[in-house]
Amino acid sequence: MSVGAIVVGVSRHRPARVAPWLLLAASVTCLAIGDVFYAFDMMPVADAVYLSMFVFIGLTVMQFTRFGSVLTDRARLIDLLALGCAVLLLVWVFVIGDIGQAGDISAADVIGALLLVGVTIRLIIATWFTWSAVLLCAGAGGMLSSDIAYGLHAAWWTEAGYMVLYLAWGAAALHPSMTRLTSPVPVRPAPWQGRWAAVLGISVATPPIVLLVEAVTGTVTDGVVIAVTGALTLVLTFTRLADSVALSQQALRRERVLREASAALVAAVDAPAVDHAVRGAVAQLLPASEITGVDFAPDDRRLTLPAAPAGTRTRSWWIGPGTLVCPLWLEPLAVARPHGGALLITGRREPLEAARDALEVLAGQAALALDRITLVEAVGRRDSDLYLRAVVRNTAELMLVVDEDHVIRYASPALHTLLGTEDFAPSATFVDLVHPDDSARVGRALREAGDGVLHCSLQRGDQTQVLVEATYRDLRDDRLVRGYVLTLRDVTSSHDPVEQLPRVGNVDTLPAWVNRRSAQHKFRY
């Protein structure tokens with residue numbers, strides 16, 4: 001029943017990782033099988049199955065602490081477990097064994113149950129009182145109490161703790177909070193501390209020292225307990241060593257990838273080069289099988305991007321269950337690219353969460369490269385505008401350079417003379433110079449891609465109008481312009497405006513005030 005409850009809970013709630021819960025179900029199965037062999041008085045087989053249960057429980061604990069899940073500091077947990085094994089061995093051999101009141105209590109079972117209680121208590125602390133963790137702790141406590149009580153007095157009521165274990169662990173898997181026990185969180189490796197290394201060394205040295213003491217003082221009576229404890233401490237030590245090596249290799253690999261990406265981003269001269277460098281770095285930081293999509297958007301106007309949830313880190317946030325958003329903006333340089341953009345990576349949340357810090361650093365480097373490119377282009381456009389201003393200062397040519405938002409960046413002196421103004425406002429647009437009757441049509445024409453010619457009337461400061469023919473070139477894709485270049489020709493005359501304009505097939509392309517004057521000219525008799 002307990003195994004079925006765990007399977008149902010996993011299929012219903014779909015935790016981030018299924019392996020620890022399946023291993024927990026395997027440990028419960030071993031306990032049940034051991035009870036069957038115990039009932040048929042097959043004690044060697046029953047003891048072997050009971051010990052295999054602790055193997056599965058140990059694997060369950062290791063799975064619960066993998067990949068930066070609830071117990072982010074697994075090194076400290078392993079050190080404490082090893083110390084607990086050593087202390088329990090000393091208590092069993094030199095305290096309980098000497099007073100002779102142990103009865104039929106299995107030392108290996110008690111040590112394993114105590115360690116399991118300690119791990120589940122740590123789970124409760126790490127998850128801030130999650131019901132699934134509490135139920136796991138209750139089941140471990142029930143097993144510990146029955147291991148002690150049944151060894152002292154074999155009766156049906158002393159086996160009630162095992163029933164508590166079956167029911168509590170099944171309920172832990174059925175409760176919705178079971179997903180929090182495997183939910184990924186960022187890994188924060190702890191700095192090296194010598195005292196923890198000393199604790200681990202003492203724990204590993206304790207079983208052989210106890211064996212030596214018993215061998216010197218007399219007959220070795222606790223060989224099984226010493227062997228089990230020594231095996232546990234060795235497994236914990238090797239796990240600790242493997243974790244340290246894995247973390248060191250992971251840190252070195254990420255450092256190398258970020259260093260290579262930084263060099264590529266420094267050499268990038270445009271946004272596509274930045275995109276290529278970022279995608280290459282992401283492919284090295286994360287396995288291809290864990291990623292389903294990478295979207296590099298240097299302009300968030302072309303991207304539907306929800307705002308960061310309140311109370312989250314602004315360096316990155318999550319959209320849905322498996323999309324990490326890293327914004328491409330740096331606060332001091334936000335003026336360079338006000339529309340920022342973002343790096344979106346979709347895949348399994350667990351490896352993304354483990355590599356979150358590296359991805360945030362990569363996004364920051366990409367944002368810095370984009371800001372550098374934008375500023376360099378802005379300086380180049382400024383120098384081009386200054387060069388154009390110096391060259392055409394005394395020309396009679398009517399010229400305008402406007403950016404993508406139609407804001408005037410440069411206007412020739414002849415245009416100022418024509419309109420009777422010395423200078424324009426810093427945020428003035430070309431549409432602001434056009435007569436209101438023509439502004440909508442002019443704005444619509446400039447929003448369309450490509451070159452063209454349009455006729456409109458400009459409004460002087462004294463409210464008189466100037467009819468012009470504007471030839472515009474769309475140079476928004478040119479990194480040295482990023483806007484439109486307009487060449488104007490004054491076609492205003494004292495004669496009828498229709499006679500001074502080029503012949504067009506559709507009078508709707510003419511300015512509105514010209515059409516009005518043409519109608520007055522036609523019907524003036």
# chains A, B, ... in the order shown; residues from 1 in each chain; ligands from 1
$ select_by_dssp --residues "range 172-360 of chain A" --states "alpha helix (DSSP H)" --output "ChimeraX atom specification"
/A:172-174,194-217,223-267,271-285,349-354,356-360
$ closest_residue --among "A:Val269, A:Val45, A:Val36, A:Val453" --to "Val485 in chain A" --atoms "only C-alpha atoms"
A:Val453
$ closest_residue --among "A:Ile121, A:Ala173, A:Leu419, A:Ala16" --to "Arg349 in chain A" --atoms "only C-alpha atoms"
A:Ala16
$ residues_around --residues "range 144-150 of chain A" --least-positions-apart "5" --cutoff "10 Å" --atoms "only C-alpha atoms" --output "PyMOL selection string"
chain A and resi 102-117+138-139+155-165
$ write_last_selection --atoms "N, CA, C and O atoms" --output "mmCIF file, in the first residue's frame"
data_model
loop_
_atom_site.group_PDB
_atom_site.id
_atom_site.type_symbol
_atom_site.label_atom_id
_atom_site.label_comp_id
_atom_site.auth_asym_id
_atom_site.auth_seq_id
_atom_site.Cartn_x
_atom_site.Cartn_y
_atom_site.Cartn_z
ATOM 1 N N ALA A 102 21.471 -4.309 25.997
ATOM 2 C CA ALA A 102 21.056 -4.083 24.623
ATOM 3 C C ALA A 102 20.001 -5.065 24.168
ATOM 4 O O ALA A 102 19.283 -4.818 23.201
ATOM 5 N N GLY A 103 19.877 -6.209 24.818
ATOM 6 C CA GLY A 103 18.884 -7.197 24.414
ATOM 7 C C GLY A 103 19.164 -7.705 23.014
ATOM 8 O O GLY A 103 20.308 -8.011 22.663
ATOM 9 N N ASP A 104 18.104 -7.820 22.212
ATOM 10 C CA ASP A 104 18.248 -8.258 20.815
ATOM 11 C C ASP A 104 18.225 -7.086 19.840
ATOM 12 O O ASP A 104 17.876 -7.249 18.669
ATOM 13 N N ILE A 105 18.579 -5.920 20.307
ATOM 14 C CA ILE A 105 18.570 -4.740 19.432
ATOM 15 C C ILE A 105 19.675 -4.882 18.394
ATOM 16 O O ILE A 105 20.814 -5.221 18.730
ATOM 17 N N SER A 106 19.321 -4.599 17.112
ATOM 18 C CA SER A 106 20.303 -4.623 16.035
ATOM 19 C C SER A 106 21.003 -3.264 15.975
ATOM 20 O O SER A 106 20.362 -2.228 15.742
ATOM 21 N N ALA A 107 22.301 -3.294 16.200
ATOM 22 C CA ALA A 107 23.048 -2.039 16.199
ATOM 23 C C ALA A 107 23.009 -1.376 14.826
ATOM 24 O O ALA A 107 22.869 -0.150 14.712
ATOM 25 N N ALA A 108 23.126 -2.180 13.766
ATOM 26 C CA ALA A 108 23.109 -1.609 12.418
ATOM 27 C C ALA A 108 21.777 -0.930 12.129
ATOM 28 O O ALA A 108 21.730 0.165 11.545
ATOM 29 N N ASP A 109 20.680 -1.556 12.576
ATOM 30 C CA ASP A 109 19.360 -0.950 12.336
ATOM 31 C C ASP A 109 19.206 0.357 13.104
ATOM 32 O O ASP A 109 18.676 1.344 12.577
ATOM 33 N N VAL A 110 19.660 0.372 14.340
ATOM 34 C CA VAL A 110 19.525 1.584 15.160
ATOM 35 C C VAL A 110 20.376 2.713 14.576
ATOM 36 O O VAL A 110 19.920 3.862 14.472
ATOM 37 N N ILE A 111 21.601 2.400 14.186
ATOM 38 C CA ILE A 111 22.471 3.436 13.619
ATOM 39 C C ILE A 111 21.867 3.992 12.332
ATOM 40 O O ILE A 111 21.808 5.210 12.104
ATOM 41 N N GLY A 112 21.397 3.091 11.471
ATOM 42 C CA GLY A 112 20.775 3.550 10.227
ATOM 43 C C GLY A 112 19.534 4.390 10.464
ATOM 44 O O GLY A 112 19.320 5.418 9.810
ATOM 45 N N ALA A 113 18.706 3.987 11.421
ATOM 46 C CA ALA A 113 17.483 4.736 11.717
ATOM 47 C C ALA A 113 17.805 6.104 12.306
ATOM 48 O O ALA A 113 17.151 7.110 11.982
ATOM 49 N N LEU A 114 18.822 6.162 13.183
ATOM 50 C CA LEU A 114 19.208 7.454 13.759
ATOM 51 C C LEU A 114 19.707 8.415 12.683
ATOM 52 O O LEU A 114 19.370 9.606 12.690
ATOM 53 N N LEU A 115 20.513 7.892 11.768
ATOM 54 C CA LEU A 115 20.995 8.740 10.682
ATOM 55 C C LEU A 115 19.836 9.223 9.812
ATOM 56 O O LEU A 115 19.815 10.383 9.369
ATOM 57 N N LEU A 116 18.874 8.354 9.558
ATOM 58 C CA LEU A 116 17.724 8.748 8.747
ATOM 59 C C LEU A 116 16.899 9.824 9.455
ATOM 60 O O LEU A 116 16.420 10.774 8.824
ATOM 61 N N VAL A 117 16.739 9.691 10.770
ATOM 62 C CA VAL A 117 16.028 10.727 11.529
ATOM 63 C C VAL A 117 16.757 12.062 11.420
ATOM 64 O O VAL A 117 16.143 13.124 11.224
ATOM 65 N N ALA A 138 8.508 11.524 10.583
ATOM 66 C CA ALA A 138 7.648 10.698 11.447
ATOM 67 C C ALA A 138 7.844 9.217 11.143
ATOM 68 O O ALA A 138 7.908 8.374 12.065
ATOM 69 N N GLY A 139 7.939 8.871 9.848
ATOM 70 C CA GLY A 139 8.179 7.468 9.501
ATOM 71 C C GLY A 139 9.528 6.983 9.995
ATOM 72 O O GLY A 139 9.656 5.852 10.499
ATOM 73 N N ALA A 155 6.763 -7.990 20.732
ATOM 74 C CA ALA A 155 5.305 -8.051 20.849
ATOM 75 C C ALA A 155 4.702 -7.317 19.653
ATOM 76 O O ALA A 155 5.384 -6.579 18.934
ATOM 77 N N TRP A 156 3.390 -7.512 19.469
ATOM 78 C CA TRP A 156 2.756 -6.893 18.300
ATOM 79 C C TRP A 156 2.753 -5.373 18.409
ATOM 80 O O TRP A 156 2.866 -4.664 17.408
ATOM 81 N N TRP A 157 2.606 -4.863 19.637
ATOM 82 C CA TRP A 157 2.511 -3.407 19.766
ATOM 83 C C TRP A 157 3.857 -2.718 19.582
ATOM 84 O O TRP A 157 3.916 -1.524 19.286
ATOM 85 N N THR A 158 4.973 -3.456 19.786
ATOM 86 C CA THR A 158 6.276 -2.837 19.547
ATOM 87 C C THR A 158 6.601 -2.745 18.055
ATOM 88 O O THR A 158 7.592 -2.101 17.681
ATOM 89 N N GLU A 159 5.804 -3.401 17.209
ATOM 90 C CA GLU A 159 5.982 -3.294 15.765
ATOM 91 C C GLU A 159 5.136 -2.178 15.146
ATOM 92 O O GLU A 159 5.132 -1.996 13.920
ATOM 93 N N ALA A 160 4.410 -1.439 15.995
ATOM 94 C CA ALA A 160 3.543 -0.375 15.468
ATOM 95 C C ALA A 160 4.344 0.719 14.766
ATOM 96 O O ALA A 160 3.838 1.386 13.854
ATOM 97 N N GLY A 161 5.592 0.904 15.175
ATOM 98 C CA GLY A 161 6.413 1.923 14.530
ATOM 99 C C GLY A 161 6.638 1.655 13.051
ATOM 100 O O GLY A 161 6.718 2.597 12.238
ATOM 101 N N TYR A 162 6.730 0.361 12.686
ATOM 102 C CA TYR A 162 6.883 0.033 11.268
ATOM 103 C C TYR A 162 5.625 0.382 10.480
ATOM 104 O O TYR A 162 5.704 0.816 9.319
ATOM 105 N N MET A 163 4.470 0.204 11.097
ATOM 106 C CA MET A 163 3.223 0.594 10.441
ATOM 107 C C MET A 163 3.169 2.121 10.253
ATOM 108 O O MET A 163 2.696 2.616 9.224
ATOM 109 N N VAL A 164 3.685 2.833 11.259
ATOM 110 C CA VAL A 164 3.758 4.295 11.124
ATOM 111 C C VAL A 164 4.651 4.665 9.937
ATOM 112 O O VAL A 164 4.352 5.595 9.172
ATOM 113 N N LEU A 165 5.755 3.937 9.765
ATOM 114 C CA LEU A 165 6.652 4.214 8.640
ATOM 115 C C LEU A 165 5.926 4.012 7.310
ATOM 116 O O LEU A 165 6.000 4.865 6.417
#
$ closest_residue --among "A:Thr237, A:Thr323, A:Ser11, A:Gln193" --to "Thr179 in chain A" --atoms "only C-alpha atoms"
A:Ser11
$ closest_residue --among "A:Ala171, A:Ala205, A:Ala39, A:Leu51" --to "Val87 in chain A" --atoms "only C-alpha atoms"
A:Ala205
$ atom_distance --atom1 "CA of Gly201 in chain A" --atom2 "CA of Ser52 in chain A"
26.1 Å
$ closest_residue --among "A:Val134, A:Ala5, A:Ala366, A:Leu285" --to "Arg253 in chain A" --atoms "only C-alpha atoms"
A:Leu285
$ residues_around --residues "Val49 in chain A" --least-positions-apart "3" --cutoff "9 Å" --atoms "only C-alpha atoms" --output "PyMOL selection string"
chain A and resi 30-31+33-34+37+44-46+52-53
$ write_last_selection --atoms "all heavy atoms" --output "PDB file, in the first residue's frame"
ATOM      1  N   CYS A  30      11.888  -3.288   0.258  1.00  0.00           N
ATOM      2  CA  CYS A  30      12.864  -4.135   0.944  1.00  0.00           C
ATOM      3  C   CYS A  30      12.447  -4.400   2.391  1.00  0.00           C
ATOM      4  O   CYS A  30      12.599  -5.526   2.902  1.00  0.00           O
ATOM      5  CB  CYS A  30      14.240  -3.484   0.916  1.00  0.00           C
ATOM      6  SG  CYS A  30      15.008  -3.474  -0.718  1.00  0.00           S
ATOM      7  N   LEU A  31      11.931  -3.387   3.056  1.00  0.00           N
ATOM      8  CA  LEU A  31      11.477  -3.577   4.431  1.00  0.00           C
ATOM      9  C   LEU A  31      10.352  -4.584   4.493  1.00  0.00           C
ATOM     10  O   LEU A  31      10.320  -5.471   5.377  1.00  0.00           O
ATOM     11  CB  LEU A  31      11.038  -2.235   5.018  1.00  0.00           C
ATOM     12  CG  LEU A  31      10.537  -2.261   6.474  1.00  0.00           C
ATOM     13  CD1 LEU A  31      11.638  -2.759   7.403  1.00  0.00           C
ATOM     14  CD2 LEU A  31      10.074  -0.876   6.898  1.00  0.00           C
ATOM     15  N   ILE A  33       9.690  -6.997   2.291  1.00  0.00           N
ATOM     16  CA  ILE A  33      10.220  -8.326   1.966  1.00  0.00           C
ATOM     17  C   ILE A  33      10.987  -8.896   3.145  1.00  0.00           C
ATOM     18  O   ILE A  33      10.899 -10.108   3.462  1.00  0.00           O
ATOM     19  CB  ILE A  33      11.111  -8.243   0.714  1.00  0.00           C
ATOM     20  CG1 ILE A  33      10.275  -7.859  -0.506  1.00  0.00           C
ATOM     21  CG2 ILE A  33      11.817  -9.576   0.467  1.00  0.00           C
ATOM     22  CD1 ILE A  33      11.092  -7.615  -1.754  1.00  0.00           C
ATOM     23  N   GLY A  34      11.756  -8.042   3.836  1.00  0.00           N
ATOM     24  CA  GLY A  34      12.464  -8.509   5.019  1.00  0.00           C
ATOM     25  C   GLY A  34      11.517  -9.000   6.098  1.00  0.00           C
ATOM     26  O   GLY A  34      11.805 -10.005   6.783  1.00  0.00           O
ATOM     27  N   PHE A  37      10.460 -12.614   5.183  1.00  0.00           N
ATOM     28  CA  PHE A  37      11.478 -13.621   5.520  1.00  0.00           C
ATOM     29  C   PHE A  37      11.619 -13.780   7.030  1.00  0.00           C
ATOM     30  O   PHE A  37      11.876 -14.884   7.536  1.00  0.00           O
ATOM     31  CB  PHE A  37      12.825 -13.231   4.901  1.00  0.00           C
ATOM     32  CG  PHE A  37      12.902 -13.481   3.420  1.00  0.00           C
ATOM     33  CD1 PHE A  37      12.950 -12.430   2.520  1.00  0.00           C
ATOM     34  CD2 PHE A  37      12.917 -14.786   2.924  1.00  0.00           C
ATOM     35  CE1 PHE A  37      13.026 -12.660   1.159  1.00  0.00           C
ATOM     36  CE2 PHE A  37      12.995 -15.017   1.558  1.00  0.00           C
ATOM     37  CZ  PHE A  37      13.040 -13.962   0.669  1.00  0.00           C
ATOM     38  N   PRO A  44      19.017 -14.936   8.247  1.00  0.00           N
ATOM     39  CA  PRO A  44      20.110 -14.391   7.430  1.00  0.00           C
ATOM     40  C   PRO A  44      19.605 -13.627   6.206  1.00  0.00           C
ATOM     41  O   PRO A  44      20.123 -12.545   5.887  1.00  0.00           O
ATOM     42  CB  PRO A  44      20.902 -15.648   7.029  1.00  0.00           C
ATOM     43  CG  PRO A  44      20.587 -16.644   8.088  1.00  0.00           C
ATOM     44  CD  PRO A  44      19.162 -16.395   8.465  1.00  0.00           C
ATOM     45  N   VAL A  45      18.593 -14.202   5.556  1.00  0.00           N
ATOM     46  CA  VAL A  45      18.055 -13.514   4.382  1.00  0.00           C
ATOM     47  C   VAL A  45      17.358 -12.221   4.797  1.00  0.00           C
ATOM     48  O   VAL A  45      17.480 -11.175   4.140  1.00  0.00           O
ATOM     49  CB  VAL A  45      17.092 -14.447   3.612  1.00  0.00           C
ATOM     50  CG1 VAL A  45      16.508 -13.720   2.408  1.00  0.00           C
ATOM     51  CG2 VAL A  45      17.803 -15.717   3.193  1.00  0.00           C
ATOM     52  N   ALA A  46      16.603 -12.300   5.913  1.00  0.00           N
ATOM     53  CA  ALA A  46      15.903 -11.105   6.388  1.00  0.00           C
ATOM     54  C   ALA A  46      16.883  -9.995   6.746  1.00  0.00           C
ATOM     55  O   ALA A  46      16.673  -8.821   6.397  1.00  0.00           O
ATOM     56  CB  ALA A  46      15.029 -11.462   7.593  1.00  0.00           C
ATOM     57  N   SER A  52      19.916  -4.046   2.884  1.00  0.00           N
ATOM     58  CA  SER A  52      19.745  -3.464   1.541  1.00  0.00           C
ATOM     59  C   SER A  52      18.759  -2.301   1.570  1.00  0.00           C
ATOM     60  O   SER A  52      18.856  -1.367   0.763  1.00  0.00           O
ATOM     61  CB  SER A  52      19.286  -4.535   0.554  1.00  0.00           C
ATOM     62  OG  SER A  52      17.984  -5.004   0.888  1.00  0.00           O
ATOM     63  N   MET A  53      17.801  -2.351   2.523  1.00  0.00           N
ATOM     64  CA  MET A  53      16.884  -1.224   2.672  1.00  0.00           C
ATOM     65  C   MET A  53      17.645   0.049   3.009  1.00  0.00           C
ATOM     66  O   MET A  53      17.378   1.127   2.453  1.00  0.00           O
ATOM     67  CB  MET A  53      15.853  -1.533   3.759  1.00  0.00           C
ATOM     68  CG  MET A  53      14.896  -0.378   4.049  1.00  0.00           C
ATOM     69  SD  MET A  53      14.017  -0.541   5.613  1.00  0.00           S
ATOM     70  CE  MET A  53      15.350  -0.328   6.779  1.00  0.00           C
TER      71      MET A  53
END
$ select_by_dssp --residues "range 136-383 of chain A" --states "strand (DSSP E or B)" --output "list in words"
Ile291, Thr292, Gly293, Val294, Asp295, Phe296, Ala297, Trp317, Trp318, Ile319, Thr323, Leu324, Val325, Cys326, Pro327, Ala342, Leu343, Leu344, Ile345, Thr346 and Gly347 of chain A
$ atom_distance --atom1 "CA of Ala283 in chain A" --atom2 "CA of Leu343 in chain A"
13.5 Å
$ atom_distance --atom1 "CA of Arg254 in chain A" --atom2 "CA of Arg195 in chain A"
28.4 Å
